[in-house]
file upload_0.csv (CSV, C-alpha atoms)
chain,number,residue,atom,x,y,z
V,1,MET,CA,-37.2,-1.9,-6.0
V,2,SER,CA,-37.9,-0.6,-9.5
V,3,SER,CA,-35.3,1.0,-11.6
V,4,GLN,CA,-37.8,2.1,-14.2
V,5,PRO,CA,-37.6,5.8,-15.2
V,6,THR,CA,-40.2,8.2,-13.8
V,7,ALA,CA,-42.3,10.4,-16.1
V,8,ALA,CA,-39.4,13.0,-15.9
V,9,GLY,CA,-37.0,10.4,-17.2
V,10,LEU,CA,-35.3,10.0,-13.9
V,11,PRO,CA,-34.8,6.6,-12.1
V,12,ASP,CA,-37.5,5.6,-9.6
V,13,ALA,CA,-37.2,7.7,-6.3
V,14,ASP,CA,-36.9,4.4,-4.2
V,15,LEU,CA,-33.6,3.8,-5.9
V,16,PHE,CA,-32.3,7.2,-4.8
V,17,GLY,CA,-32.2,6.1,-1.2
V,18,SER,CA,-30.8,2.6,-1.8
V,19,ASP,CA,-27.2,1.7,-1.0
V,20,HIS,CA,-24.6,2.2,-3.7
V,21,PHE,CA,-24.5,-1.4,-4.7
V,22,ALA,CA,-28.2,-1.5,-5.3
V,23,LEU,CA,-28.1,1.7,-7.2
V,24,PHE,CA,-25.8,0.0,-9.7
V,25,GLY,CA,-27.5,-3.3,-9.6
V,26,LEU,CA,-24.5,-5.0,-8.0
V,27,PRO,CA,-24.2,-7.5,-5.1
V,28,ARG,CA,-22.8,-6.2,-1.9
V,29,SER,CA,-19.3,-7.6,-2.3
V,30,PHE,CA,-15.7,-6.4,-2.2
V,31,VAL,CA,-15.1,-8.1,-5.5
V,32,LEU,CA,-17.2,-6.5,-8.1
V,33,ASP,CA,-17.7,-6.6,-11.8
V,34,GLU,CA,-15.9,-3.4,-12.9
V,35,ARG,CA,-17.4,-3.5,-16.4
V,36,ALA,CA,-20.9,-3.8,-15.0
V,37,LEU,CA,-20.2,-0.9,-12.7
V,38,GLU,CA,-18.9,1.2,-15.5
V,39,SER,CA,-21.7,0.3,-17.8
V,40,ARG,CA,-24.4,1.0,-15.3
V,41,TYR,CA,-22.7,4.3,-14.4
V,42,HIS,CA,-22.8,5.4,-18.0
V,43,GLU,CA,-26.4,4.3,-18.3
V,44,LEU,CA,-27.5,6.2,-15.1
V,45,GLN,CA,-25.4,9.3,-16.0
V,46,SER,CA,-27.1,9.4,-19.4
V,47,ALA,CA,-30.5,9.3,-17.8
V,48,VAL,CA,-29.9,11.8,-15.1
V,49,HIS,CA,-27.4,14.3,-16.6
V,50,PRO,CA,-28.7,17.8,-16.0
V,51,ASP,CA,-28.3,18.8,-19.7
V,52,ARG,CA,-30.9,16.1,-20.6
V,53,HIS,CA,-33.4,17.8,-18.2
V,54,ALA,CA,-32.5,21.5,-19.0
V,55,TYR,CA,-35.9,22.1,-20.7
V,56,ARG,CA,-38.0,20.6,-17.8
V,57,ALA,CA,-39.6,22.3,-14.8
V,58,GLU,CA,-37.3,23.6,-12.1
V,59,GLN,CA,-38.1,20.8,-9.7
V,60,ASP,CA,-37.1,18.2,-12.3
V,61,LYS,CA,-33.9,20.1,-13.0
V,62,ARG,CA,-33.1,20.0,-9.2
V,63,LEU,CA,-33.9,16.3,-9.1
V,64,SER,CA,-31.7,15.7,-12.1
V,65,MET,CA,-28.8,17.5,-10.4
V,66,GLN,CA,-29.3,15.6,-7.1
V,67,TRP,CA,-29.4,12.3,-9.1
V,68,ALA,CA,-26.2,13.2,-11.0
V,69,THR,CA,-24.4,14.0,-7.8
V,70,ARG,CA,-25.7,10.8,-6.2
V,71,VAL,CA,-24.6,8.7,-9.1
V,72,ASN,CA,-21.1,10.3,-9.3
V,73,GLU,CA,-20.5,9.9,-5.6
V,74,ALA,CA,-21.6,6.3,-5.5
V,75,TYR,CA,-19.5,5.5,-8.6
V,76,ARG,CA,-16.4,7.2,-7.2
V,77,LEU,CA,-16.8,5.3,-3.9
V,78,LEU,CA,-17.3,1.9,-5.4
V,79,ARG,CA,-14.6,2.2,-8.0
V,80,ALA,CA,-11.8,2.5,-5.5
V,81,PRO,CA,-11.0,-0.6,-3.4
V,82,LEU,CA,-10.2,1.3,-0.2
V,83,THR,CA,-13.4,3.3,-0.2
V,84,ARG,CA,-15.5,0.3,-1.3
V,85,ALA,CA,-14.1,-1.7,1.6
V,86,ARG,CA,-14.8,1.1,4.1
V,87,TYR,CA,-18.4,1.5,2.7
V,88,LEU,CA,-19.0,-2.3,2.9
V,89,LEU,CA,-17.9,-2.2,6.5
V,90,GLU,CA,-20.2,0.8,7.2
V,91,LEU,CA,-23.1,-1.1,5.7
V,92,LEU,CA,-22.3,-4.0,8.0
V,93,GLY,CA,-22.3,-1.6,11.0
V,94,VAL,CA,-18.6,-1.7,11.5
V,95,ASP,CA,-16.7,1.6,12.2
V,96,VAL,CA,-13.2,1.3,10.8
V,97,GLY,CA,-12.1,3.5,13.7
V,98,ALA,CA,-9.3,5.2,11.7
V,99,GLU,CA,-9.5,8.3,13.8
V,100,ASN,CA,-9.2,6.7,17.2
V,101,ASN,CA,-7.9,3.2,16.5
V,102,THR,CA,-4.3,3.3,15.5
V,103,ALA,CA,-3.3,-0.1,16.9
V,104,MET,CA,-1.4,-2.1,14.3
V,105,PRO,CA,0.5,-5.4,14.4
V,106,ALA,CA,4.2,-5.0,15.3
V,107,ASP,CA,5.4,-6.2,11.9
V,108,PHE,CA,3.3,-3.6,10.1
V,109,LEU,CA,4.5,-0.9,12.4
V,110,MET,CA,8.1,-1.9,11.6
V,111,GLN,CA,7.3,-1.9,7.9
V,112,GLN,CA,5.7,1.6,8.2
V,113,MET,CA,8.9,2.9,9.9
V,114,GLU,CA,11.1,1.4,7.2
V,115,TRP,CA,9.0,2.9,4.4
V,116,ARG,CA,9.0,6.3,6.1
V,117,GLU,CA,12.8,6.2,6.5
V,118,ALA,CA,13.2,5.1,2.9
V,119,LEU,CA,11.0,8.1,1.8
V,120,ASP,CA,13.0,10.5,4.0
V,121,GLU,CA,16.3,9.2,2.6
V,122,ALA,CA,15.0,9.4,-1.0
V,123,ARG,CA,13.8,12.9,-0.5
V,124,GLY,CA,17.0,14.0,1.1
V,125,ALA,CA,19.1,12.4,-1.7
V,126,ARG,CA,16.6,13.6,-4.4
V,127,ASP,CA,16.7,10.0,-5.6
V,128,ALA,CA,13.8,9.4,-8.1
V,129,ALA,CA,14.9,5.7,-8.5
V,130,ALA,CA,14.5,5.1,-4.8
V,131,LEU,CA,11.1,6.8,-4.8
V,132,ASP,CA,10.1,4.5,-7.7
V,133,ALA,CA,11.3,1.4,-5.8
V,134,LEU,CA,9.3,2.5,-2.8
V,135,GLU,CA,6.3,3.1,-5.0
V,136,ARG,CA,6.5,-0.5,-6.4
V,137,ALA,CA,6.7,-1.9,-2.8
V,138,LEU,CA,3.6,0.1,-1.9
V,139,ARG,CA,1.7,-1.2,-5.0
V,140,GLN,CA,2.5,-4.7,-3.9
V,141,ALA,CA,1.4,-4.1,-0.3
V,142,ARG,CA,-1.8,-2.6,-1.6
V,143,ARG,CA,-2.4,-5.7,-3.9
V,144,ASP,CA,-1.7,-7.9,-0.9
V,145,ALA,CA,-4.1,-6.0,1.3
V,146,GLU,CA,-6.8,-6.1,-1.4
V,147,ALA,CA,-6.4,-9.9,-1.7
V,148,LEU,CA,-6.8,-10.1,2.1
V,149,LEU,CA,-10.0,-8.0,1.9
V,150,VAL,CA,-11.5,-10.4,-0.6
V,151,GLN,CA,-11.1,-13.1,2.0
V,152,GLN,CA,-12.1,-11.0,5.0
V,153,LEU,CA,-15.2,-9.4,3.4
V,154,ASP,CA,-16.4,-12.0,0.8
V,155,THR,CA,-14.9,-15.5,1.4
V,156,GLU,CA,-14.7,-15.9,5.2
V,157,PRO,CA,-16.2,-12.7,6.6
V,158,ASP,CA,-14.2,-11.3,9.5
V,159,THR,CA,-15.2,-7.6,9.8
V,160,GLY,CA,-12.8,-6.9,12.7
V,161,ALA,CA,-9.8,-8.1,10.6
V,162,ALA,CA,-11.2,-6.3,7.5
V,163,ALA,CA,-11.3,-3.1,9.5
V,164,ALA,CA,-7.7,-3.5,10.5
V,165,THR,CA,-6.7,-4.2,6.9
V,166,VAL,CA,-8.6,-1.1,5.8
V,167,ARG,CA,-6.6,1.0,8.3
V,168,ARG,CA,-3.4,-0.5,6.9
V,169,MET,CA,-4.5,0.4,3.4
V,170,MET,CA,-5.3,4.0,4.5
V,171,PHE,CA,-1.7,4.3,5.7
V,172,ILE,CA,-0.4,2.9,2.4
V,173,ALA,CA,-2.6,5.4,0.5
V,174,ARG,CA,-1.2,8.3,2.6
V,175,LEU,CA,2.3,7.2,2.0
V,176,GLY,CA,1.6,6.9,-1.7
V,177,GLU,CA,0.4,10.5,-1.7
V,178,ASP,CA,3.7,11.5,0.1
V,179,ILE,CA,5.7,9.7,-2.5
V,180,ALA,CA,3.8,11.4,-5.4
V,181,GLU,CA,4.4,14.7,-3.7
V,182,ALA,CA,8.1,13.9,-3.4
V,183,HIS,CA,8.2,13.0,-7.1
V,184,GLU,CA,6.5,16.3,-7.9
V,185,ILE,CA,9.1,18.3,-6.0
V,186,LEU,CA,11.9,16.4,-7.8
V,187,GLU,CA,10.4,17.3,-11.2
V,188,ASN,CA,10.3,21.0,-10.4

call {"tool": "encode", "arguments": {"input": "upload_0.csv", "output": "structure tokens"}}
result
Amino acid sequence: MSSQPTAAGLPDADLFGSDHFALFGLPRSFVLDERALESRYHELQSAVHPDRHAYRAEQDKRLSMQWATRVNEAYRLLRAPLTRARYLLELLGVDVGAENNTAMPADFLMQQMEWREALDEARGARDAAALDALERALRQARRDAEALLVQQLDTEPDTGAAAATVRRMMFIARLGEDIAEAHEILEN
């Protein structure tokens, strides 16, 4: 698959339909070279940015806009570990089943309840320090889940276990949003 620019200065059309990893010239892996992703993103954005094609024919302008959108979406998805893991599983034909599979291990269910109770108590007491502590605990849980995904997706692939880990990470992300919202309310 060529990544040589076309006559209009846009990347080869075959690359447009490739997966996000191929678009950025990266291997399909949960662990990725963030500097290479960033560098390739800027390189592609420079080539496809609509301002660069403003003087061209309407068709080239539309193509430029489509390319810019494609590059931005792929970059956003690969940059975040949670969405990158979901995408990798999708490429492997695995549905995370977040909408209909809420089964979690008992220990994680207990942890969820404890975190939710701690959040409710911190909100009620308007306790920013308690929110900060909960936020630190979630950051650690997210790091632990990401380390597990390295193993489950890259080292010793187990897509079923990886899907369960992704569902846990989704819960952690939602709780993180709730904590951020609680912080915002306290600041106002």

call {"tool": "atom_distance", "arguments": {"input": "upload_0.csv", "atom1": "CA of Ala125 (chain V)", "atom2": "CA of Ala180 (chain V)"}}
result
15.8 Å

call {"tool": "closest_residue", "arguments": {"input": "upload_0.csv", "among": "V:Ala36, V:Ile172, V:Glu187, V:Leu88", "to": "Met113 (chain V)", "atoms": "all atoms listed in the file"}}
result
V:Ile172

call {"tool": "closest_residue", "arguments": {"input": "upload_0.csv", "among": "V:Ala161, V:Ala118, V:Leu23, V:Met104", "to": "Asn72 (chain V)", "atoms": "all atoms listed in the file"}}
result
V:Leu23

call {"tool": "closest_residue", "arguments": {"input": "upload_0.csv", "among": "V:Ala163, V:Leu175, V:Glu146, V:Asp154", "to": "Pro81 (chain V)", "atoms": "only C-alpha atoms"}}
result
V:Glu146

call {"tool": "residues_around", "arguments": {"input": "upload_0.csv", "residues": "Ala182 (chain V)", "least_positions_apart": "5", "cutoff": "9 Å", "atoms": "all atoms listed in the file", "output": "PyMOL selection string"}}
result
chain V and resi 119+122-123+126+128+131+177+187

call {"tool": "atom_distance", "arguments": {"input": "upload_0.csv", "atom1": "CA of Gln111 (chain V)", "atom2": "CA of Ala145 (chain V)"}}
result
13.8 Å
